>>> print(open('target_13.csv').read())   # CSV, C-alpha atoms
chain,number,residue,atom,x,y,z
A,1,MET,CA,-2.6,-13.5,-12.9
A,2,GLY,CA,-4.6,-11.8,-15.6
A,3,ASN,CA,-3.1,-10.2,-18.7
A,4,THR,CA,0.4,-9.0,-17.7
A,5,ASN,CA,0.9,-7.5,-21.1
A,6,ASP,CA,-1.8,-4.9,-20.4
A,7,ALA,CA,0.1,-3.8,-17.3
A,8,VAL,CA,3.4,-3.8,-19.2
A,9,PHE,CA,1.8,-1.6,-21.9
A,10,LEU,CA,0.8,0.9,-19.2
A,11,TYR,CA,4.3,0.8,-17.6
A,12,LEU,CA,5.7,1.4,-21.0
A,13,GLY,CA,3.5,4.4,-21.3
A,14,ILE,CA,5.1,5.8,-18.1
A,15,LEU,CA,8.5,5.1,-19.6
A,16,ASP,CA,7.7,6.7,-22.9
A,17,ALA,CA,6.3,9.8,-21.1
A,18,TYR,CA,9.5,10.1,-19.0
A,19,GLU,CA,11.7,9.7,-22.0
A,20,ALA,CA,9.8,12.3,-24.1
A,21,ILE,CA,10.1,14.8,-21.3
A,22,ALA,CA,13.7,14.0,-20.5
A,23,GLU,CA,14.7,14.4,-24.1
A,24,ASP,CA,12.8,17.6,-24.3
A,25,LEU,CA,14.2,19.2,-21.1
A,26,ILE,CA,17.7,17.6,-20.8
A,27,GLY,CA,18.7,16.4,-24.2
A,28,GLY,CA,18.6,13.6,-26.8
A,29,GLU,CA,21.3,11.4,-25.2
A,30,VAL,CA,19.7,11.4,-21.8
A,31,LEU,CA,19.0,7.7,-21.8
A,32,LYS,CA,22.5,6.7,-22.5
A,33,GLU,CA,24.3,9.4,-20.5
A,34,GLU,CA,22.1,9.9,-17.5
A,35,VAL,CA,19.4,7.3,-17.1
A,36,ALA,CA,21.2,4.0,-17.8
A,37,PRO,CA,23.9,4.7,-15.3
A,38,ARG,CA,21.3,5.4,-12.6
A,39,MET,CA,19.3,2.3,-13.6
A,40,ILE,CA,22.2,0.1,-12.6
A,41,PHE,CA,21.3,0.7,-8.9
A,42,TYR,CA,17.8,-0.5,-9.4
A,43,VAL,CA,18.7,-3.5,-11.7
A,44,ARG,CA,21.2,-4.6,-9.1
A,45,ASN,CA,18.5,-4.4,-6.4
A,46,PHE,CA,15.6,-5.9,-8.4
A,47,LEU,CA,17.4,-8.6,-10.3
A,48,PRO,CA,20.5,-9.5,-8.3
A,49,SER,CA,20.8,-13.1,-9.7
A,50,LYS,CA,20.4,-12.0,-13.3
A,51,ILE,CA,23.3,-9.5,-13.3
A,52,ARG,CA,25.6,-11.3,-10.8
A,53,GLY,CA,29.2,-10.9,-11.9
A,54,MET,CA,28.5,-8.3,-14.6
A,55,SER,CA,30.3,-5.0,-14.7
A,56,ASP,CA,28.5,-1.7,-14.7
A,57,ASP,CA,29.3,-1.1,-18.4
A,58,ALA,CA,27.9,-4.5,-19.3
A,59,ILE,CA,24.8,-3.9,-17.3
A,60,GLN,CA,24.4,-0.5,-18.9
A,61,SER,CA,24.6,-1.8,-22.4
A,62,GLN,CA,22.3,-4.7,-21.5
A,63,ILE,CA,19.7,-2.2,-20.2
A,64,ILE,CA,19.8,-0.2,-23.5
A,65,ASP,CA,19.3,-3.3,-25.6
A,66,PHE,CA,16.5,-4.5,-23.3
A,67,LEU,CA,14.6,-1.2,-23.6
A,68,ASP,CA,14.7,-1.4,-27.4
A,69,ASP,CA,13.7,-5.0,-27.4
A,70,ILE,CA,10.8,-4.7,-24.8
A,71,ARG,CA,9.4,-1.7,-26.6
A,72,ASN,CA,9.2,-3.6,-29.9
A,73,ARG,CA,7.8,-6.7,-28.3
A,74,VAL,CA,5.1,-4.9,-26.3
A,75,TYR,CA,3.9,-2.9,-29.3
A,76,ALA,CA,3.9,-6.1,-31.4
A,77,ILE,CA,1.9,-7.8,-28.6
A,78,GLN,CA,-0.6,-4.9,-28.6
A,79,GLU,CA,-1.2,-5.4,-32.4
A,80,SER,CA,-1.2,-9.2,-32.6
A,81,ASP,CA,-2.2,-12.3,-30.8
A,82,ARG,CA,-1.3,-11.6,-27.2
A,83,SER,CA,-1.4,-15.0,-25.8
A,84,ASN,CA,1.8,-16.1,-27.5
A,85,HIS,CA,4.0,-13.3,-26.3
A,86,ASN,CA,4.1,-13.2,-22.5
A,87,ILE,CA,6.4,-10.8,-20.8
A,88,SER,CA,8.3,-12.3,-17.9
A,89,MET,CA,8.4,-11.0,-14.3
A,90,SER,CA,12.1,-10.2,-14.5
A,91,GLU,CA,11.4,-8.1,-17.6
A,92,ILE,CA,8.7,-6.2,-15.6
A,93,TRP,CA,11.3,-5.5,-12.9
A,94,GLU,CA,13.7,-4.3,-15.5
A,95,LEU,CA,11.1,-2.0,-16.9
A,96,ARG,CA,10.5,-0.6,-13.5
A,97,ALA,CA,14.2,-0.1,-13.0
A,98,ALA,CA,14.1,2.0,-16.1
A,99,ILE,CA,11.2,4.1,-14.9
A,100,PHE,CA,12.9,4.7,-11.6
A,101,GLY,CA,16.1,5.5,-13.4
A,102,PHE,CA,14.3,8.3,-15.2
A,103,GLU,CA,12.8,9.5,-11.9
A,104,ASN,CA,16.3,9.8,-10.3
A,105,VAL,CA,17.6,11.8,-13.3
A,106,PHE,CA,14.7,14.2,-12.9
A,107,LEU,CA,15.4,14.6,-9.2
A,108,ASP,CA,19.1,15.0,-9.6
A,109,ILE,CA,19.1,17.3,-12.7
A,110,LEU,CA,15.8,19.2,-12.7
A,111,GLY,CA,15.0,19.2,-9.0
A,112,GLU,CA,11.9,18.7,-6.9
A,113,ASP,CA,10.1,22.0,-7.9
A,114,ILE,CA,10.1,21.3,-11.6
A,115,ILE,CA,9.0,17.7,-11.1
A,116,GLU,CA,6.0,18.9,-9.1
A,117,SER,CA,5.1,21.9,-11.2
A,118,TYR,CA,5.7,20.4,-14.6
A,119,VAL,CA,7.1,16.8,-15.0
A,120,TYR,CA,4.4,14.9,-13.2
A,121,LYS,CA,1.6,16.9,-14.9
A,122,ARG,CA,3.1,16.3,-18.3
A,123,ILE,CA,3.7,12.6,-17.6
A,124,ALA,CA,0.1,12.2,-16.7
A,125,GLU,CA,-1.0,14.0,-19.9
A,126,ILE,CA,1.1,11.7,-22.1
A,127,LEU,CA,0.1,8.6,-20.1
A,128,ALA,CA,-3.5,9.4,-20.6
A,129,VAL,CA,-3.1,8.4,-24.2
A,130,TYR,CA,-2.1,4.9,-23.2
A,131,LEU,CA,-5.1,4.4,-21.0
A,132,PRO,CA,-7.9,2.0,-22.1
A,133,GLU,CA,-10.7,4.1,-23.6
A,134,VAL,CA,-13.0,3.4,-20.8
A,135,PHE,CA,-10.9,5.5,-18.4
A,136,ASN,CA,-10.8,8.4,-20.8
A,137,ASN,CA,-14.5,8.6,-21.6
A,138,PRO,CA,-15.4,12.3,-21.3
A,139,LYS,CA,-19.0,11.4,-20.4
A,140,LEU,CA,-17.8,9.8,-17.2
A,141,ASN,CA,-17.0,11.9,-14.1
A,142,LEU,CA,-13.7,11.3,-12.3
A,143,GLU,CA,-15.2,9.1,-9.6
A,144,GLU,CA,-16.7,6.8,-12.2
A,145,LYS,CA,-13.4,6.6,-14.1
A,146,LEU,CA,-11.5,5.8,-10.9
A,147,LYS,CA,-14.0,3.1,-10.0
A,148,ARG,CA,-13.6,1.5,-13.4
A,149,TYR,CA,-9.9,1.7,-13.2
A,150,SER,CA,-10.0,0.0,-9.7
A,151,SER,CA,-12.3,-2.8,-11.2
A,152,TYR,CA,-9.9,-3.2,-14.1
A,153,LEU,CA,-6.9,-3.7,-11.7
A,154,ARG,CA,-8.9,-6.2,-9.6
A,155,ASP,CA,-10.5,-8.0,-12.5
A,156,ASN,CA,-7.1,-8.6,-14.2
A,157,ASN,CA,-5.7,-9.8,-10.8
A,158,PHE,CA,-3.0,-7.1,-10.8
A,159,VAL,CA,-4.1,-6.3,-7.3
A,160,LYS,CA,-6.7,-7.8,-4.9
A,161,GLN,CA,-7.7,-4.5,-3.4
A,162,ALA,CA,-8.0,-1.2,-5.3
A,163,ASN,CA,-10.0,1.7,-4.0
A,164,PHE,CA,-9.9,5.5,-3.5
A,165,ALA,CA,-11.2,8.3,-1.3
A,166,TYR,CA,-12.1,11.5,-3.1
A,167,ARG,CA,-12.6,14.4,-0.7
A,168,ASP,CA,-12.6,18.1,-1.8
A,169,ASP,CA,-9.4,18.5,-3.6
A,170,GLN,CA,-7.7,15.4,-2.3
A,171,ILE,CA,-7.7,11.9,-3.8
A,172,GLN,CA,-6.1,9.0,-2.0
A,173,TYR,CA,-5.6,6.0,-4.4
A,174,ARG,CA,-4.8,2.7,-2.7
A,175,VAL,CA,-3.8,-0.7,-4.0
A,176,ASN,CA,-3.1,-3.7,-1.9
A,177,TYR,CA,-1.9,-7.3,-2.5
A,178,CYS,CA,-0.3,-6.3,-5.8
A,179,ALA,CA,1.0,-9.1,-8.1
A,180,PHE,CA,4.2,-7.2,-8.5
A,181,SER,CA,4.8,-6.3,-4.8
A,182,SER,CA,7.5,-8.8,-4.0
A,183,ILE,CA,9.8,-6.1,-5.4
A,184,HIS,CA,9.0,-4.0,-2.3
A,185,ASN,CA,11.5,-6.2,-0.4
A,186,SER,CA,14.4,-4.7,-2.4
A,187,SER,CA,16.5,-2.1,-0.7
A,188,ALA,CA,15.5,0.5,-3.3
A,189,TYR,CA,12.1,0.5,-1.7
A,190,LEU,CA,13.2,0.0,1.9
A,191,ASP,CA,15.6,3.0,1.8
A,192,GLY,CA,12.9,5.2,0.3
A,193,LYS,CA,14.7,5.8,-3.0
A,194,THR,CA,11.6,4.7,-4.9
A,195,ARG,CA,9.1,7.5,-4.9
A,196,PHE,CA,5.9,6.4,-6.7
A,197,CYS,CA,3.8,3.4,-7.5
A,198,PRO,CA,3.1,2.9,-11.2
A,199,TRP,CA,-0.6,2.2,-10.4
A,200,GLY,CA,-0.8,5.5,-8.5
A,201,MET,CA,0.9,7.2,-11.5
A,202,ILE,CA,-1.8,5.8,-13.8
A,203,ALA,CA,-4.5,7.0,-11.4
A,204,LYS,CA,-2.9,10.4,-11.7
A,205,ALA,CA,-3.1,10.2,-15.5
A,206,ILE,CA,-6.8,9.5,-15.1
A,207,VAL,CA,-7.1,12.6,-13.0
A,208,ALA,CA,-5.2,14.5,-15.6
A,209,SER,CA,-7.5,13.3,-18.4
A,210,SER,CA,-10.4,14.7,-16.4
A,211,GLN,CA,-8.8,18.2,-16.6
A,212,LEU,CA,-10.0,19.3,-13.2
A,213,GLY,CA,-7.1,21.6,-12.7
A,214,ASN,CA,-3.5,21.3,-11.7
A,215,HIS,CA,-2.7,18.1,-10.0
A,216,LYS,CA,0.3,16.6,-8.2
A,217,ILE,CA,1.3,13.5,-6.4
A,218,ARG,CA,1.7,14.8,-2.8
A,219,GLN,CA,3.2,11.6,-1.6
A,220,CYS,CA,3.3,7.9,-2.2
A,221,LYS,CA,3.7,5.4,0.6
A,222,PHE,CA,4.6,1.8,0.0
A,223,THR,CA,3.4,-0.9,2.3
A,224,THR,CA,4.6,-4.5,2.3
A,225,ARG,CA,2.2,-5.5,-0.5
A,226,GLY,CA,0.7,-2.3,-1.8
A,227,SER,CA,0.8,1.5,-1.9
A,228,ILE,CA,-1.1,4.6,-1.0
A,229,THR,CA,-0.8,7.5,-3.4
A,230,ASP,CA,-2.0,11.0,-2.2
A,231,LEU,CA,-3.0,13.3,-5.1
A,232,GLU,CA,-3.9,16.9,-4.8
A,233,ILE,CA,-6.0,18.8,-7.3
A,234,ARG,CA,-5.6,22.6,-7.3
A,235,GLU,CA,-7.1,25.4,-9.3
A,236,TYR,CA,-5.0,26.2,-12.4
A,237,ASP,CA,-2.2,28.6,-11.4
A,238,ASN,CA,-0.2,28.8,-14.6
B,1,MET,CA,-28.1,-5.6,34.3
B,2,GLU,CA,-25.0,-6.9,36.1
B,3,ILE,CA,-21.6,-5.4,35.3
B,4,TRP,CA,-20.2,-8.6,33.7
B,5,HIS,CA,-23.0,-8.6,31.1
B,6,TRP,CA,-22.0,-5.0,30.2
B,7,MET,CA,-18.4,-5.9,30.1
B,8,PHE,CA,-19.1,-8.8,27.7
B,9,ILE,CA,-21.0,-6.4,25.4
B,10,VAL,CA,-18.1,-3.9,25.6
B,11,GLU,CA,-15.6,-6.7,24.7
B,12,VAL,CA,-17.7,-7.8,21.7
B,13,ILE,CA,-17.7,-4.1,20.5
B,14,LEU,CA,-13.9,-3.8,21.0
B,15,LEU,CA,-13.4,-7.1,19.0
B,16,LEU,CA,-15.7,-5.8,16.2
B,17,LEU,CA,-13.7,-2.5,16.2
B,18,LEU,CA,-10.4,-4.4,15.9
B,19,THR,CA,-11.9,-6.7,13.1
B,20,PHE,CA,-13.1,-3.7,11.1
B,21,GLY,CA,-9.7,-2.1,11.7
B,22,SER,CA,-8.1,-5.1,10.2
B,23,TYR,CA,-10.5,-4.9,7.3
B,24,TYR,CA,-9.6,-1.3,6.6
B,25,ALA,CA,-5.9,-2.2,6.8
B,26,ARG,CA,-6.5,-4.6,4.0
B,27,ARG,CA,-8.0,-1.8,2.0
B,28,LEU,CA,-5.1,0.5,3.1
B,29,ASP,CA,-7.6,3.0,4.5
B,30,MET,CA,-5.1,3.9,7.2
B,31,ASP,CA,-7.1,6.7,8.9
B,32,LYS,CA,-10.0,4.4,9.6
B,33,HIS,CA,-7.6,1.5,10.5
B,34,HIS,CA,-5.9,3.7,13.1
B,35,ILE,CA,-9.1,5.2,14.6
B,36,MET,CA,-10.6,1.7,15.1
B,37,THR,CA,-7.5,0.0,16.4
B,38,TYR,CA,-6.4,2.8,18.7
B,39,THR,CA,-9.9,3.0,20.1
B,40,ALA,CA,-10.0,-0.7,20.7
B,41,ILE,CA,-6.6,-0.6,22.5
B,42,ILE,CA,-7.6,2.3,24.7
B,43,GLY,CA,-11.0,0.6,25.4
B,44,GLN,CA,-9.2,-2.6,26.3
B,45,VAL,CA,-6.7,-0.9,28.6
B,46,LEU,CA,-9.6,0.9,30.4
B,47,VAL,CA,-11.6,-2.4,30.8
B,48,PHE,CA,-8.4,-4.1,32.1
B,49,THR,CA,-7.5,-1.4,34.5
B,50,PHE,CA,-11.0,-0.8,36.0
B,51,TYR,CA,-12.7,-4.1,35.7
B,52,MET,CA,-10.5,-7.1,34.8
B,53,ARG,CA,-7.5,-6.5,37.0
B,54,PRO,CA,-9.6,-5.8,40.2
B,55,ARG,CA,-11.9,-8.7,39.3
B,56,ILE,CA,-9.0,-11.2,38.9
B,57,LEU,CA,-7.4,-10.0,42.1
B,58,PHE,CA,-10.8,-10.5,43.8
B,59,LEU,CA,-11.2,-14.0,42.4
B,60,ILE,CA,-7.6,-14.9,43.4
B,61,SER,CA,-8.2,-13.7,47.0
B,62,ARG,CA,-11.3,-15.9,47.2
B,63,GLY,CA,-9.4,-18.9,45.7
B,64,PHE,CA,-11.6,-19.1,42.5
B,65,VAL,CA,-8.7,-19.7,40.1
B,66,SER,CA,-9.2,-22.0,37.2
B,67,GLU,CA,-6.8,-23.1,34.5
B,68,LEU,CA,-9.0,-21.3,31.9
B,69,LEU,CA,-8.8,-18.1,33.9
B,70,ILE,CA,-5.0,-18.3,34.1
B,71,ILE,CA,-4.7,-18.9,30.3
B,72,HIS,CA,-7.2,-16.0,29.7
B,73,ALA,CA,-5.2,-13.7,32.0
B,74,ILE,CA,-1.8,-14.6,30.5
B,75,LEU,CA,-3.0,-14.3,26.9
B,76,GLY,CA,-4.9,-11.1,27.6
B,77,LEU,CA,-1.9,-9.4,29.4
B,78,THR,CA,0.5,-10.4,26.5
B,79,THR,CA,-2.0,-9.1,24.0
B,80,ILE,CA,-2.4,-5.8,25.8
B,81,PHE,CA,1.4,-5.3,25.9
B,82,LEU,CA,1.8,-6.2,22.3
B,83,SER,CA,-1.0,-3.8,21.3
B,84,LEU,CA,0.6,-1.0,23.4
B,85,PHE,CA,4.0,-1.7,21.8
B,86,LEU,CA,2.5,-1.5,18.3
B,87,ALA,CA,0.6,1.7,19.1
B,88,TYR,CA,3.8,3.2,20.5
B,89,MET,CA,5.9,2.1,17.4
B,90,PHE,CA,3.5,3.9,15.1
B,91,LEU,CA,2.6,6.9,17.2
B,92,LYS,CA,6.2,7.8,18.3
B,93,ASP,CA,7.1,9.1,14.8
B,94,LYS,CA,3.9,9.0,12.8
B,95,ASN,CA,5.1,11.6,10.3
B,96,ASP,CA,8.2,9.6,9.5
B,97,TYR,CA,7.0,6.8,7.3
B,98,ASP,CA,9.2,3.7,7.2
B,99,LEU,CA,8.5,0.6,5.1
B,100,THR,CA,11.1,-1.4,7.1
B,101,LYS,CA,9.2,-0.8,10.3
B,102,LEU,CA,6.0,-1.9,8.6
B,103,ARG,CA,7.7,-5.1,7.4
B,104,TYR,CA,8.8,-6.1,10.9
B,105,THR,CA,5.6,-5.0,12.7
B,106,ARG,CA,3.1,-6.6,10.3
B,107,PRO,CA,3.6,-10.2,11.6
B,108,ILE,CA,3.2,-8.8,15.2
B,109,MET,CA,0.0,-7.1,14.2
B,110,ILE,CA,-1.4,-10.4,12.8
B,111,LEU,CA,-0.2,-12.3,15.9
B,112,THR,CA,-1.8,-9.7,18.2
B,113,TYR,CA,-5.1,-9.9,16.4
B,114,PHE,CA,-5.3,-13.7,16.7
B,115,MET,CA,-4.2,-13.6,20.4
B,116,TRP,CA,-6.9,-11.0,21.0
B,117,LEU,CA,-9.4,-13.4,19.4
B,118,ALA,CA,-8.1,-16.3,21.5
B,119,THR,CA,-8.3,-14.3,24.7
B,120,PHE,CA,-11.9,-13.2,23.8
B,121,THR,CA,-12.8,-16.9,23.1
B,122,PHE,CA,-11.5,-18.0,26.5
B,123,GLY,CA,-13.1,-15.0,28.2
B,124,THR,CA,-16.5,-15.9,26.5
B,125,ILE,CA,-16.2,-19.5,27.8
B,126,ILE,CA,-15.5,-18.2,31.3
B,127,TYR,CA,-18.4,-15.7,31.1
B,128,PHE,CA,-20.9,-18.3,29.9
B,129,ARG,CA,-19.8,-20.8,32.5
B,130,ALA,CA,-19.9,-18.3,35.3
B,131,HIS,CA,-22.9,-16.2,34.5
B,132,ILE,CA,-25.1,-17.8,31.9
B,133,LEU,CA,-25.0,-21.6,32.3
B,134,ARG,CA,-24.6,-21.8,36.0
>>> encode(input="target_13.csv", output="C-alpha cells")
Amino acid sequence: MGNTNDAVFLYLGILDAYEAIAEDLIGGEVLKEEVAPRMIFYVRNFLPSKIRGMSDDAIQSQIIDFLDDIRNRVYAIQESDRSNHNISMSEIWELRAAIFGFENVFLDILGEDIIESYVYKRIAEILAVYLPEVFNNPKLNLEEKLKRYSSYLRDNNFVKQANFAYRDDQIQYRVNYCAFSSIHNSSAYLDGKTRFCPWGMIAKAIVASSQLGNHKIRQCKFTTRGSITDLEIREYDN
Amino acid sequence: MEIWHWMFIVEVILLLLLTFGSYYARRLDMDKHHIMTYTAIIGQVLVFTFYMRPRILFLISRGFVSELLIIHAILGLTTIFLSLFLAYMFLKDKNDYDLTKLRYTRPIMILTYFMWLATFTFGTIIYFRAHILR
C-alpha cells in the first residue's frame, strides 16, 4: 500500500472536526463522557483480539490514551521524515472506532436533523483544511477536484477503483477494493450501525470547499470491499 | 440468414452485456450494472423459452443428443436458475439495502458469470460444429 500516513492524517481531520463540533454543541467533556463509552462497541467489533479480556473501563481509558498518542504521532509524522513512523492497521481501526463513536453521539444526542442541516456541513468545512492543496485549488472546478482526488486514492493504493458521477445537483462518489475494507466484515457494518465511509466524507469536504451551496450526504452504502456515497447539493437555504 | 446464426449473435451480445455489467459492478456504478445484467437475464430467458428449449426438444425427438449438448443444457439451465435467483434477491426489496445479503450473494454472482461463460463456450463449439464446420 502507498503512504498510509496520508490516509491517517485525513482520518484525523475527520476526528478533529467531530471533536471541535461536539465540544461546541455538547460540551468540553464530550470525549470522556459520551464518545469513549460509545467507542467501546466499535473497538470490540474492529479489534476483538486486542481487547480480549479487558473491562469496559480499561478499554475506555486505553481509547483516550490512544487518541492523545495517535494525534501527537500523526502530527509529528506530517512534519518529519515519514518513512520511519508507520501507523499500524490496528491503529487505523481504532481511529475509525473513534470517528464512529462521535457519529453515534451526534445521532443519540443531537438527532438526525441537526446532523444533516449543520454537523456534516461543518465537518466538511473543517476537513477541507486538511485536504492536500491540489483538492482545494480555487482555479479548479468541482469535477476536476474530484478527478484528482480519485487519482490520489488510486495512486496511493488506498483503493483500486475510485470514480464519481456528477449529475445536476447529485454526486455519487464510489470507491472499491479499499485497502481498509476488511473491516466491513465486522458486525458494526453488517448491522448498519456505521453510516458513512471516510473516503466519501472527504469527497464531501471537497464539495464543501467548492462552495456550491448547501450539501449533505444523502446516504452511504457499503459493499463488501467499497462504498457508494450519495451527495446532494442544494441552493443555500439558511 | 438462418435463425441459429442470429441466435449466436444474440448470445454474443448478451455475454457482452453481462461482461460490461461485471465491469460496472467493479466500478460500483450500480445503475449501469443492474440495467446490463437484468437485460442480459431477460434476454437469456427469452432465448431459452422461444429458441433453445424447443430446439433441444426437437433434437432429442430426432435422437441428435451429444454429450456436449447435455453439458451445455445442464450448465445453461443451472445458470438461468442462478441468475433468476440473484435477480429475485435484489429486486424483492431493492430499497432495503443489506450488506449481509451482498456478502453472501457476491460469490454466487461470480460463479454465475463463469458458468454463463462456460455455457457460452460449449454452445459456441456446438454451433461451429453443427453450422459452420460441417
>>> closest_atom_pairs(input="target_13.csv", of="chain A", to="chain B", cutoff="10 Å", atoms="all atoms listed in the file", output="Markdown table")
| residue | atom | partner | partner_atom | distance |
| --- | --- | --- | --- | --- |
| A:Lys160 | CA | B:Arg27 | CA | 9.2 |
| A:Gln161 | CA | B:Arg27 | CA | 6.0 |
| A:Ala162 | CA | B:Arg27 | CA | 7.3 |
| A:Asn163 | CA | B:Arg27 | CA | 7.2 |
| A:Phe164 | CA | B:Asp29 | CA | 8.7 |
| A:Ala165 | CA | B:Asp29 | CA | 8.6 |
| A:Gln172 | CA | B:Asp29 | CA | 9.0 |
| A:Tyr173 | CA | B:Leu28 | CA | 9.3 |
| A:Arg174 | CA | B:Leu28 | CA | 6.2 |
| A:Val175 | CA | B:Leu28 | CA | 7.3 |
| A:Asn176 | CA | B:Arg27 | CA | 6.5 |
| A:Tyr177 | CA | B:Arg26 | CA | 8.4 |
| A:His184 | CA | B:Leu99 | CA | 8.7 |
| A:Asn185 | CA | B:Arg103 | CA | 8.7 |
| A:Ser187 | CA | B:Thr100 | CA | 9.5 |
| A:Tyr189 | CA | B:Leu99 | CA | 7.7 |
| A:Leu190 | CA | B:Leu99 | CA | 5.7 |
| A:Asp191 | CA | B:Leu99 | CA | 8.2 |
| A:Gly192 | CA | B:Asp98 | CA | 8.0 |
| A:Lys221 | CA | B:Tyr97 | CA | 7.6 |
| A:Phe222 | CA | B:Leu99 | CA | 6.5 |
| A:Thr223 | CA | B:Leu99 | CA | 6.0 |
| A:Thr224 | CA | B:Arg103 | CA | 6.0 |
| A:Arg225 | CA | B:Arg103 | CA | 9.6 |
| A:Gly226 | CA | B:Leu28 | CA | 8.1 |
| A:Ser227 | CA | B:Leu28 | CA | 7.8 |
| A:Ile228 | CA | B:Leu28 | CA | 7.0 |
>>> write_last_selection(input="target_13.csv", atoms="C-alpha atoms", output="mmCIF file, keeping the file's coordinate frame")
data_model
loop_
_atom_site.group_PDB
_atom_site.id
_atom_site.type_symbol
_atom_site.label_atom_id
_atom_site.label_comp_id
_atom_site.auth_asym_id
_atom_site.auth_seq_id
_atom_site.Cartn_x
_atom_site.Cartn_y
_atom_site.Cartn_z
ATOM 1 C CA LYS A 160 -6.700 -7.800 -4.900
ATOM 2 C CA GLN A 161 -7.700 -4.500 -3.400
ATOM 3 C CA ALA A 162 -8.000 -1.200 -5.300
ATOM 4 C CA ASN A 163 -10.000 1.700 -4.000
ATOM 5 C CA PHE A 164 -9.900 5.500 -3.500
ATOM 6 C CA ALA A 165 -11.200 8.300 -1.300
ATOM 7 C CA GLN A 172 -6.100 9.000 -2.000
ATOM 8 C CA TYR A 173 -5.600 6.000 -4.400
ATOM 9 C CA ARG A 174 -4.800 2.700 -2.700
ATOM 10 C CA VAL A 175 -3.800 -0.700 -4.000
ATOM 11 C CA ASN A 176 -3.100 -3.700 -1.900
ATOM 12 C CA TYR A 177 -1.900 -7.300 -2.500
ATOM 13 C CA HIS A 184 9.000 -4.000 -2.300
ATOM 14 C CA ASN A 185 11.500 -6.200 -0.400
ATOM 15 C CA SER A 187 16.500 -2.100 -0.700
ATOM 16 C CA TYR A 189 12.100 0.500 -1.700
ATOM 17 C CA LEU A 190 13.200 0.000 1.900
ATOM 18 C CA ASP A 191 15.600 3.000 1.800
ATOM 19 C CA GLY A 192 12.900 5.200 0.300
ATOM 20 C CA LYS A 221 3.700 5.400 0.600
ATOM 21 C CA PHE A 222 4.600 1.800 0.000
ATOM 22 C CA THR A 223 3.400 -0.900 2.300
ATOM 23 C CA THR A 224 4.600 -4.500 2.300
ATOM 24 C CA ARG A 225 2.200 -5.500 -0.500
ATOM 25 C CA GLY A 226 0.700 -2.300 -1.800
ATOM 26 C CA SER A 227 0.800 1.500 -1.900
ATOM 27 C CA ILE A 228 -1.100 4.600 -1.000
#
>>> atom_distance(input="target_13.csv", atom1="atom CA of A:Met39", atom2="atom CA of A:Ile183")
15.1 Å
>>> closest_residue(input="target_13.csv", among="B:Gly123, B:Asp93, B:Phe85, B:Phe128", to="B:Ile108", atoms="only C-alpha atoms")
B:Phe85
>>> atom_distance(input="target_13.csv", atom1="atom CA of A:Tyr152", atom2="atom CA of A:Ala203")
11.9 Å
>>> atom_distance(input="target_13.csv", atom1="atom CA of B:Gln44", atom2="atom CA of B:Glu11")
7.8 Å
>>> residues_around(input="target_13.csv", residues="stretch 61-71 of chain B", least_positions_apart="2", cutoff="12 Å", atoms="only C-alpha atoms", output="list in words")
Met52, Pro54, Arg55, Ile56, Leu57, Phe58, Leu59, Ala73, Ile74, Leu75, Gly76, Leu77, Thr78, Thr79, Met115, Ala118, Thr119, Phe120, Thr121, Phe122, Gly123, Thr124, Ile125, Ile126, Tyr127, Arg129 and Ala130 of chain B
>>> residues_around(input="target_13.csv", residues="A:Val159", least_positions_apart="5", cutoff="6 Å", atoms="all atoms listed in the file", output="PyMOL selection string")
chain A and resi 153-154+177-179
>>> closest_residue(input="target_13.csv", among="B:Leu133, B:Leu18, B:Leu117, B:Leu111", to="B:His72", atoms="all atoms listed in the file")
B:Leu117
>>> closest_residue(input="target_13.csv", among="A:Cys220, A:Ile171, A:Ile87, A:Ala205", to="A:Arg73", atoms="all atoms listed in the file")
A:Ile87
>>> closest_residue(input="target_13.csv", among="B:Met109, B:Ala40, B:Ile132, B:Leu84", to="B:Val10", atoms="all atoms listed in the file")
B:Ala40
>>> closest_residue(input="target_13.csv", among="A:Phe180, A:Trp93, A:Tyr130, A:Phe102", to="A:Arg44", atoms="all atoms listed in the file")
A:Trp93
>>> axis_aligned_box(input="target_13.csv", around="stretch 166-181 of chain A", padding_each_side="5 Å", output="JSON")
{"center_x": -3.9, "center_y": 4.7, "center_z": -4.6, "size_x": 27.4, "size_y": 37.6, "size_z": 17.8}
>>> closest_residue(input="target_13.csv", among="A:Leu110, A:Ala98, A:Ile233, A:Leu146", to="A:Thr194", atoms="all atoms listed in the file")
A:Ala98
>>> residues_around(input="target_13.csv", residues="A:Phe66", least_positions_apart="5", cutoff="12 Å", atoms="only C-alpha atoms", output="MDAnalysis selection string")
chainID A and resid 36 43 59:61 71:74 90:95 97:98
>>> residues_around(input="target_13.csv", residues="A:Leu107", least_positions_apart="5", cutoff="12 Å", atoms="all atoms listed in the file", output="number ranges by chain")
A: 22, 34-35, 38, 100-102, 112-116, 119-120, 193-195
>>> residues_around(input="target_13.csv", residues="B:Val45", least_positions_apart="3", cutoff="10 Å", atoms="only C-alpha atoms", output="number ranges by chain")
B: 39-42, 48-52, 77, 80-81, 83-84
>>> build_atoms(input="target_13.csv", residues="stretch 188-192 of chain A", atoms="N, CA, C and O atoms", output="short mmCIF file (atom, residue, chain, number, x, y, z; two decimals), in the frame of the given file")
data_model
loop_
_atom_site.label_atom_id
_atom_site.label_comp_id
_atom_site.auth_asym_id
_atom_site.auth_seq_id
_atom_site.Cartn_x
_atom_site.Cartn_y
_atom_site.Cartn_z
N ALA A 188 15.92 -0.77 -2.61
CA ALA A 188 15.50 0.50 -3.30
C ALA A 188 14.21 1.01 -2.71
O ALA A 188 13.96 2.21 -2.66
N TYR A 189 13.35 0.10 -2.28
CA TYR A 189 12.10 0.50 -1.70
C TYR A 189 12.30 0.79 -0.19
O TYR A 189 11.77 1.75 0.36
N LEU A 190 13.08 -0.09 0.45
CA LEU A 190 13.20 0.00 1.90
C LEU A 190 13.96 1.30 2.29
O LEU A 190 13.71 1.88 3.35
N ASP A 191 14.90 1.76 1.46
CA ASP A 191 15.60 3.00 1.80
C ASP A 191 14.94 4.24 1.29
O ASP A 191 15.49 5.33 1.37
N GLY A 192 13.74 4.06 0.74
CA GLY A 192 12.90 5.20 0.30
C GLY A 192 13.38 5.87 -0.95
O GLY A 192 12.95 6.98 -1.27
#
